[in-house]
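Everything below belongs to query_5.txt, which stores compact mmCIF, C-alpha atoms and all ligand atoms.
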# COMPACT_ATOMS: atom_id res chain seq x y z
CA MET A 1 96.30 28.18 83.00
CA ARG A 2 96.96 30.84 80.42
CA LYS A 3 94.04 32.93 79.27
CA LYS A 4 92.27 32.69 75.94
CA VAL A 5 91.81 36.15 74.50
CA VAL A 6 89.76 37.44 71.60
CA ALA A 7 90.58 41.10 71.02
CA GLY A 8 88.98 43.33 68.44
CA ASN A 9 91.06 45.99 66.75
CA TRP A 10 88.65 48.50 65.27
CA LYS A 11 91.51 50.55 63.77
CA CYS A 12 90.34 53.91 62.37
CA ASN A 13 86.74 52.80 61.89
CA THR A 14 83.33 53.74 63.35
CA ASN A 15 82.23 57.12 64.61
CA LEU A 16 81.45 57.39 68.32
CA GLN A 17 77.77 56.45 68.01
CA GLU A 18 78.51 53.46 65.77
CA GLY A 19 81.28 52.32 68.10
CA VAL A 20 79.01 52.46 71.15
CA GLU A 21 76.31 50.52 69.29
CA LEU A 22 78.83 47.87 68.32
CA ALA A 23 80.13 47.62 71.88
CA LYS A 24 76.58 47.32 73.23
CA ALA A 25 75.77 44.52 70.79
CA VAL A 26 78.89 42.59 71.81
CA ASN A 27 78.19 43.24 75.47
CA GLU A 28 74.62 41.99 75.24
CA ALA A 29 75.57 38.78 73.49
CA VAL A 30 78.51 38.09 75.81
CA ALA A 31 76.23 38.60 78.81
CA LYS A 32 73.73 36.17 77.27
CA ASP A 33 75.94 33.30 76.24
CA GLY A 34 78.68 33.78 78.68
CA ALA A 35 81.86 33.38 76.62
CA LYS A 36 83.06 32.49 80.09
CA ASP A 37 86.49 31.15 79.35
CA VAL A 38 87.43 33.84 76.90
CA VAL A 39 88.76 37.28 77.76
CA VAL A 40 87.00 39.64 75.36
CA VAL A 41 88.70 42.94 74.51
CA LEU A 42 87.50 45.82 72.34
CA GLY A 43 90.32 47.91 70.84
CA THR A 44 88.61 51.20 70.08
CA PRO A 45 89.76 54.60 68.85
CA PHE A 46 90.86 56.91 71.72
CA THR A 47 87.75 59.05 71.28
CA HIS A 48 85.47 56.10 72.00
CA ILE A 49 87.14 54.54 75.01
CA THR A 50 85.26 56.28 77.83
CA SER A 51 81.88 55.76 76.20
CA VAL A 52 82.63 52.11 75.44
CA VAL A 53 83.81 51.53 79.02
CA ASP A 54 80.48 52.97 80.18
CA ALA A 55 78.49 50.89 77.70
CA VAL A 56 79.87 47.45 78.60
CA ASP A 57 80.15 45.28 81.68
CA THR A 58 83.85 45.75 82.34
CA ASN A 59 83.91 42.60 84.44
CA ARG A 60 83.31 40.71 81.20
CA ILE A 61 84.75 42.95 78.50
CA GLY A 62 88.05 44.79 78.58
CA VAL A 63 88.71 47.90 76.54
CA ALA A 64 91.97 48.67 74.76
CA SER A 65 93.48 51.70 73.12
CA GLN A 66 95.32 51.03 69.88
CA ASN A 67 98.38 53.07 70.79
CA CYS A 68 99.75 55.43 73.41
CA ALA A 69 102.37 58.15 73.55
CA ALA A 70 106.05 57.29 74.00
CA GLU A 71 106.36 60.05 76.62
CA ALA A 72 104.67 60.25 79.99
CA LYS A 73 103.32 63.78 79.47
CA GLY A 74 104.21 67.23 78.28
CA ALA A 75 104.35 69.29 75.11
CA TYR A 76 103.50 66.57 72.60
CA THR A 77 100.55 67.97 70.71
CA GLY A 78 98.04 65.35 69.66
CA GLU A 79 99.48 62.53 71.75
CA VAL A 80 97.55 60.46 74.29
CA SER A 81 99.56 59.16 77.22
CA ALA A 82 99.35 55.77 78.89
CA ALA A 83 98.20 57.51 82.09
CA MET A 84 95.35 59.14 80.17
CA VAL A 85 94.34 55.78 78.72
CA LYS A 86 94.42 54.27 82.20
CA SER A 87 92.22 57.07 83.57
CA THR A 88 89.43 56.15 81.13
CA GLY A 89 89.00 52.68 82.57
CA ALA A 90 90.71 50.92 79.65
CA GLU A 91 92.89 47.99 80.67
CA TYR A 92 94.86 47.16 77.54
CA VAL A 93 97.00 48.94 74.94
CA ILE A 94 97.69 47.44 71.53
CA LEU A 95 101.34 48.25 70.75
CA GLY A 96 103.63 47.66 67.81
CA HIS A 97 100.92 46.94 65.27
CA SER A 98 102.49 46.63 61.83
CA GLU A 99 100.42 49.57 60.57
CA ARG A 100 101.95 51.78 63.23
CA ARG A 101 105.43 50.45 62.53
CA GLU A 102 105.01 50.97 58.79
CA TYR A 103 102.99 54.19 58.50
CA TYR A 104 104.06 56.00 61.65
CA GLY A 105 107.68 54.96 61.90
CA GLU A 106 107.44 53.10 65.19
CA THR A 107 110.83 51.62 65.92
CA SER A 108 111.89 49.19 68.61
CA GLU A 109 113.30 52.16 70.56
CA ILE A 110 109.94 53.94 70.55
CA LEU A 111 108.10 50.72 71.37
CA ASN A 112 110.32 50.06 74.37
CA LYS A 113 109.24 53.39 75.82
CA LYS A 114 105.57 52.70 75.11
CA VAL A 115 105.70 49.22 76.63
CA ALA A 116 107.39 50.60 79.76
CA LEU A 117 104.83 53.40 80.18
CA THR A 118 101.96 51.01 79.60
CA LEU A 119 103.22 48.67 82.30
CA GLU A 120 104.03 51.53 84.69
CA ASN A 121 100.42 52.61 84.42
CA GLY A 122 99.06 49.17 85.19
CA LEU A 123 97.85 48.53 81.65
CA THR A 124 98.38 45.31 79.72
CA PRO A 125 100.25 45.65 76.43
CA ILE A 126 99.02 43.51 73.55
CA TYR A 127 102.34 43.49 71.75
CA CYS A 128 102.26 42.79 68.02
CA CYS A 129 104.95 41.22 65.90
CA GLY A 130 105.03 39.66 62.45
CA GLU A 131 106.81 39.60 59.13
CA ALA A 132 106.11 40.99 55.66
CA LEU A 133 105.52 38.78 52.64
CA ASP A 134 109.07 39.04 51.25
CA ILE A 135 110.46 37.78 54.55
CA ARG A 136 108.03 34.86 54.60
CA GLU A 137 108.93 34.05 50.99
CA ALA A 138 112.62 34.12 51.87
CA GLY A 139 111.88 31.72 54.75
CA THR A 140 113.46 34.02 57.36
CA GLN A 141 110.28 34.79 59.33
CA ASN A 142 111.48 33.10 62.50
CA ASP A 143 114.67 35.18 62.66
CA PHE A 144 112.71 38.32 61.90
CA VAL A 145 110.16 37.80 64.66
CA LYS A 146 112.89 36.75 67.09
CA THR A 147 114.70 40.03 66.47
CA GLN A 148 111.50 42.04 66.90
CA LEU A 149 110.98 40.42 70.30
CA GLU A 150 114.63 40.62 71.35
CA GLU A 151 114.78 44.34 70.59
CA THR A 152 111.69 45.09 72.64
CA VAL A 153 109.77 42.93 75.11
CA PHE A 154 112.65 40.53 75.78
CA ASN A 155 114.35 43.46 77.52
CA LEU A 156 111.72 43.31 80.25
CA SER A 157 112.15 41.52 83.55
CA ALA A 158 110.42 38.13 83.74
CA GLU A 159 107.92 39.71 86.11
CA ASP A 160 106.98 42.45 83.66
CA PHE A 161 107.05 40.12 80.68
CA SER A 162 104.54 37.88 82.39
CA LYS A 163 102.04 40.77 82.32
CA ILE A 164 101.96 41.13 78.55
CA ILE A 165 100.04 39.46 75.73
CA ILE A 166 101.78 38.73 72.43
CA ALA A 167 100.00 38.90 69.08
CA TYR A 168 101.65 37.39 66.02
CA GLU A 169 100.27 39.03 62.90
CA PRO A 170 101.94 38.24 59.59
CA ILE A 171 101.61 41.44 57.56
CA TRP A 172 100.69 39.49 54.45
CA ALA A 173 97.60 38.20 56.22
CA ILE A 174 96.34 41.50 57.64
CA GLY A 175 93.24 42.76 55.88
CA THR A 176 94.06 40.70 52.81
CA GLY A 177 91.66 37.80 53.24
CA VAL A 178 94.72 35.52 53.08
CA THR A 179 94.90 33.85 56.47
CA ALA A 180 98.01 32.04 57.60
CA SER A 181 97.19 28.36 57.54
CA SER A 182 96.60 26.95 60.98
CA GLU A 183 99.88 25.01 60.54
CA GLN A 184 101.81 28.21 59.77
CA ALA A 185 100.22 30.02 62.70
CA GLN A 186 100.75 27.15 65.13
CA GLU A 187 104.35 26.72 63.98
CA MET A 188 105.17 30.39 64.59
CA LEU A 189 103.36 30.58 67.92
CA ALA A 190 105.11 27.45 69.15
CA PHE A 191 108.41 29.00 68.02
CA ILE A 192 107.62 32.21 69.94
CA ARG A 193 106.68 30.20 73.03
CA GLY A 194 109.99 28.39 72.76
CA LEU A 195 111.85 31.70 72.62
CA ILE A 196 109.98 32.89 75.71
CA ALA A 197 110.90 29.65 77.50
CA ASP A 198 114.59 30.11 76.60
CA LYS A 199 114.56 33.70 77.79
CA PHE A 200 112.26 33.65 80.82
CA GLY A 201 111.76 29.98 81.65
CA ALA A 202 109.15 27.36 80.89
CA ALA A 203 106.67 28.55 83.53
CA VAL A 204 106.47 32.07 82.06
CA ALA A 205 106.17 30.63 78.54
CA GLU A 206 103.33 28.36 79.62
CA GLU A 207 101.42 31.28 81.10
CA THR A 208 101.88 33.75 78.22
CA SER A 209 98.85 34.23 76.00
CA ILE A 210 99.95 34.36 72.36
CA LEU A 211 97.35 35.41 69.81
CA TYR A 212 97.16 35.03 66.07
CA GLY A 213 95.96 37.94 63.91
CA GLY A 214 95.42 38.38 60.20
CA SER A 215 92.14 37.78 58.35
CA CYS A 216 90.78 35.71 61.20
CA ASN A 217 87.04 35.26 60.62
CA PRO A 218 84.10 33.13 61.75
CA LYS A 219 85.00 30.50 59.13
CA ASN A 220 88.61 29.92 60.09
CA ALA A 221 88.63 30.79 63.82
CA ASN A 222 87.66 27.33 64.88
CA GLU A 223 90.50 25.63 63.07
CA LEU A 224 93.03 28.23 64.20
CA PHE A 225 91.96 28.18 67.86
CA ALA A 226 92.09 24.39 67.98
CA ASN A 227 95.90 24.53 67.95
CA PRO A 228 97.71 24.09 71.25
CA ASP A 229 99.79 27.28 71.08
CA ILE A 230 97.13 29.61 69.67
CA ASP A 231 95.53 31.32 72.64
CA GLY A 232 93.11 33.49 70.71
CA GLY A 233 93.02 36.18 68.09
CA LEU A 234 93.53 39.85 67.35
CA ILE A 235 90.69 40.59 65.01
CA GLY A 236 90.53 43.55 62.63
CA GLY A 237 87.85 43.58 59.94
CA ALA A 238 85.69 40.89 61.50
CA SER A 239 85.53 42.77 64.82
CA LEU A 240 83.51 45.54 63.18
CA LYS A 241 80.44 43.34 62.84
CA ALA A 242 79.10 42.18 66.20
CA GLU A 243 77.80 38.95 64.67
CA ASP A 244 81.18 37.98 63.19
CA PHE A 245 83.13 38.98 66.28
CA LEU A 246 80.80 36.96 68.48
CA ALA A 247 81.10 33.96 66.20
CA ILE A 248 84.88 34.17 66.61
CA ILE A 249 84.55 34.41 70.40
CA ASN A 250 82.27 31.40 70.29
CA ALA A 251 84.75 29.46 68.19
CA TYR A 252 86.19 28.45 71.57
P1 LIG B 1 92.39 41.79 59.99
O1 LIG B 1 93.34 42.69 60.88
O2 LIG B 1 91.67 40.85 60.91
O3 LIG B 1 91.46 42.77 59.32
O4 LIG B 1 93.26 41.08 59.01
C1 LIG B 1 94.00 42.16 62.00
C2 LIG B 1 94.82 43.24 62.66
O5 LIG B 1 95.43 44.04 61.94
O6 LIG B 1 94.89 43.32 63.90
Encoded form (structure tokens):
Amino acid sequence: MRKKVVAGNWKCNTNLQEGVELAKAVNEAVAKDGAKDVVVVLGTPFTHITSVVDAVDTNRIGVASQNCAAEAKGAYTGEVSAAMVKSTGAEYVILGHSERREYYGETSEILNKKVALTLENGLTPIYCCGEALDIREAGTQNDFVKTQLEETVFNLSAEDFSKIIIAYEPIWAIGTGVTASSEQAQEMLAFIRGLIADKFGAAVAEETSILYGGSCNPKNANELFANPDIDGGLIGGASLKAEDFLAIINAY
């Protein structure tokens, strides 16, 4: 059965000490109430990863970076490679987030390299896709997301594809307080699962965890997660408060 995943994306928030405190609070509560069926992931800034890995029970909580370099190594000042991320004990890499696509010019070509390096290093990509408001208003969101997937992760072999997690995050819902309705989210995730089935077969589609992201919070998580194709969430703002993040985990 495919895994349910609740992944926090801290973005560029928390200093090291605050991040470790947050991780410890999540760790303590997860240890207490189990959250047994849910894979919990903390997507921290690069600077925090090692300390967060040390602060949590990594059998229960996975740690993610929010990006990695598009090159394996070399003269790329300021970059952090997938191998470096792997060496910290992190297990996941968030890739293709709309903020990286929009503010840092990440194209499908760049993302293909990052996905490949992430997989080569035994890390799990949490691959983000999703449309902007004008595309949703024009009603062409399905075509848009299909193209995003076709240009990137649909180039993988079925074996490699089966190692990744997909996160659908409509840009108009990210950090805006406007959540996609559970119908809109379910509709898109079912559409994505259908595309995966067409490309890689029904068995791979059935096993792929597909997350929803965008203003997911303790109030709406329950309704969102109740849908058959929504396998969890990628949580931004609400992952910065242990209490809210835990409430979302416990929405399952
Ligand atoms: P949000 O962000 O939950 O703050 O809307 C989600 C994300 O960008 O991953």
Could you pull out the residues sitting within 9 Å of ligand LIG 1 (chain B), using only C-alpha atoms and all ligand atoms, and write them as a ChimeraX atom specification?
/A:7-11,97-99,128,167,169,171-179,212-217,233-239
Would you save the residues from that selection as a CSV table (one decimal), keeping the file's coordinate frame, using C-alpha atoms?
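The resulting file, again.csv, is shown below:
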chain,number,residue,atom,x,y,z
A,7,ALA,CA,90.6,41.1,71.0
A,8,GLY,CA,89.0,43.3,68.4
A,9,ASN,CA,91.1,46.0,66.8
A,10,TRP,CA,88.6,48.5,65.3
A,11,LYS,CA,91.5,50.6,63.8
A,97,HIS,CA,100.9,46.9,65.3
A,98,SER,CA,102.5,46.6,61.8
A,99,GLU,CA,100.4,49.6,60.6
A,128,CYS,CA,102.3,42.8,68.0
A,167,ALA,CA,100.0,38.9,69.1
A,169,GLU,CA,100.3,39.0,62.9
A,171,ILE,CA,101.6,41.4,57.6
A,172,TRP,CA,100.7,39.5,54.4
A,173,ALA,CA,97.6,38.2,56.2
A,174,ILE,CA,96.3,41.5,57.6
A,175,GLY,CA,93.2,42.8,55.9
A,176,THR,CA,94.1,40.7,52.8
A,177,GLY,CA,91.7,37.8,53.2
A,178,VAL,CA,94.7,35.5,53.1
A,179,THR,CA,94.9,33.8,56.5
A,212,TYR,CA,97.2,35.0,66.1
A,213,GLY,CA,96.0,37.9,63.9
A,214,GLY,CA,95.4,38.4,60.2
A,215,SER,CA,92.1,37.8,58.4
A,216,CYS,CA,90.8,35.7,61.2
A,217,ASN,CA,87.0,35.3,60.6
A,233,GLY,CA,93.0,36.2,68.1
A,234,LEU,CA,93.5,39.8,67.4
A,235,ILE,CA,90.7,40.6,65.0
A,236,GLY,CA,90.5,43.6,62.6
A,237,GLY,CA,87.8,43.6,59.9
A,238,ALA,CA,85.7,40.9,61.5
A,239,SER,CA,85.5,42.8,64.8
Between A:Ala23, A:Val41, A:Val52, A:Ala69, which one has atoms that come closest to Glu91 of chain A, using all atoms listed in the file?
A:Val41
Can you work out the spacing between atom CA of Leu189 of chain A and atom CA of Ala82 of chain A in Å, to one decimal?
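Going from atom CA of Leu189 of chain A over to atom CA of Ala82 of chain A covers 27.8 Å.
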For Val38 of chain A, find every residue with an atom within 8 Å (counting all atoms listed in the file), except residues of its own chain fewer than 2 positions away, and show them as an mmCIF file with C-alpha atoms, in the coordinates of the input.
data_model
loop_
_atom_site.group_PDB
_atom_site.id
_atom_site.type_symbol
_atom_site.label_atom_id
_atom_site.label_comp_id
_atom_site.auth_asym_id
_atom_site.auth_seq_id
_atom_site.Cartn_x
_atom_site.Cartn_y
_atom_site.Cartn_z
ATOM 1 C CA LYS A 3 94.040 32.930 79.270
ATOM 2 C CA LYS A 4 92.270 32.690 75.940
ATOM 3 C CA VAL A 5 91.810 36.150 74.500
ATOM 4 C CA VAL A 6 89.760 37.440 71.600
ATOM 5 C CA ALA A 35 81.860 33.380 76.620
ATOM 6 C CA LYS A 36 83.060 32.490 80.090
ATOM 7 C CA VAL A 40 87.000 39.640 75.360
ATOM 8 C CA ILE A 249 84.550 34.410 70.400
ATOM 9 C CA TYR A 252 86.190 28.450 71.570
#
Local residues around (104.7, 27.7, 63.0), at most 12 Å away, using all atoms listed in the file, as number ranges by chain:
A: 130, 136, 139, 141-142, 145, 168, 170, 180-194, 212, 224, 227-230
Between A:Arg101, A:Lys199, A:Lys163, A:Arg2, which has the minimum distance to Leu149 of chain A (counting only C-alpha atoms)?
A:Lys199
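The coordinates place atom CA of Leu111 of chain A at 10.9 Å from atom CA of Ile94 of chain A.
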Enclosing box along x, y and z for every listed atom of segment 149-154 of chain A, padded 3 Å each side, centre and size in Å, one decimal, as JSON:
{"center_x": 112.3, "center_y": 42.8, "center_z": 73.0, "size_x": 11.0, "size_y": 10.7, "size_z": 11.5}
How many Å separate atom CA of Val39 of chain A from atom CA of Gln17 of chain A?
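According to the coordinates, atom CA of Val39 of chain A and atom CA of Gln17 of chain A are separated by 24.2 Å.
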Using only C-alpha atoms, which of A:Thr50, A:Ile61, A:Thr118, A:Ile164 sits nearest Ala29 of chain A?
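Closest to Ala29 of chain A of all the choices is A:Ile61.
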Taking all atoms listed in the file into account, name the residue in A:Ala31, A:Met84, A:Ile135, A:Ala72 that is nearest to Lys114 of chain A.
A:Ala72
Which is closest to Arg100 of chain A among A:Asn67, A:Thr88, A:Thr14, A:Asn155, if we use all atoms listed in the file?
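The shortest atom-to-atom distance to Arg100 of chain A comes from A:Asn67.
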Quick one: of A:Ala83, A:Ala242, A:Leu16, A:Ala247, who's nearest to Glu28 of chain A, counting all atoms listed in the file?
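For Glu28 of chain A, the nearest of the given residues is A:Ala242.
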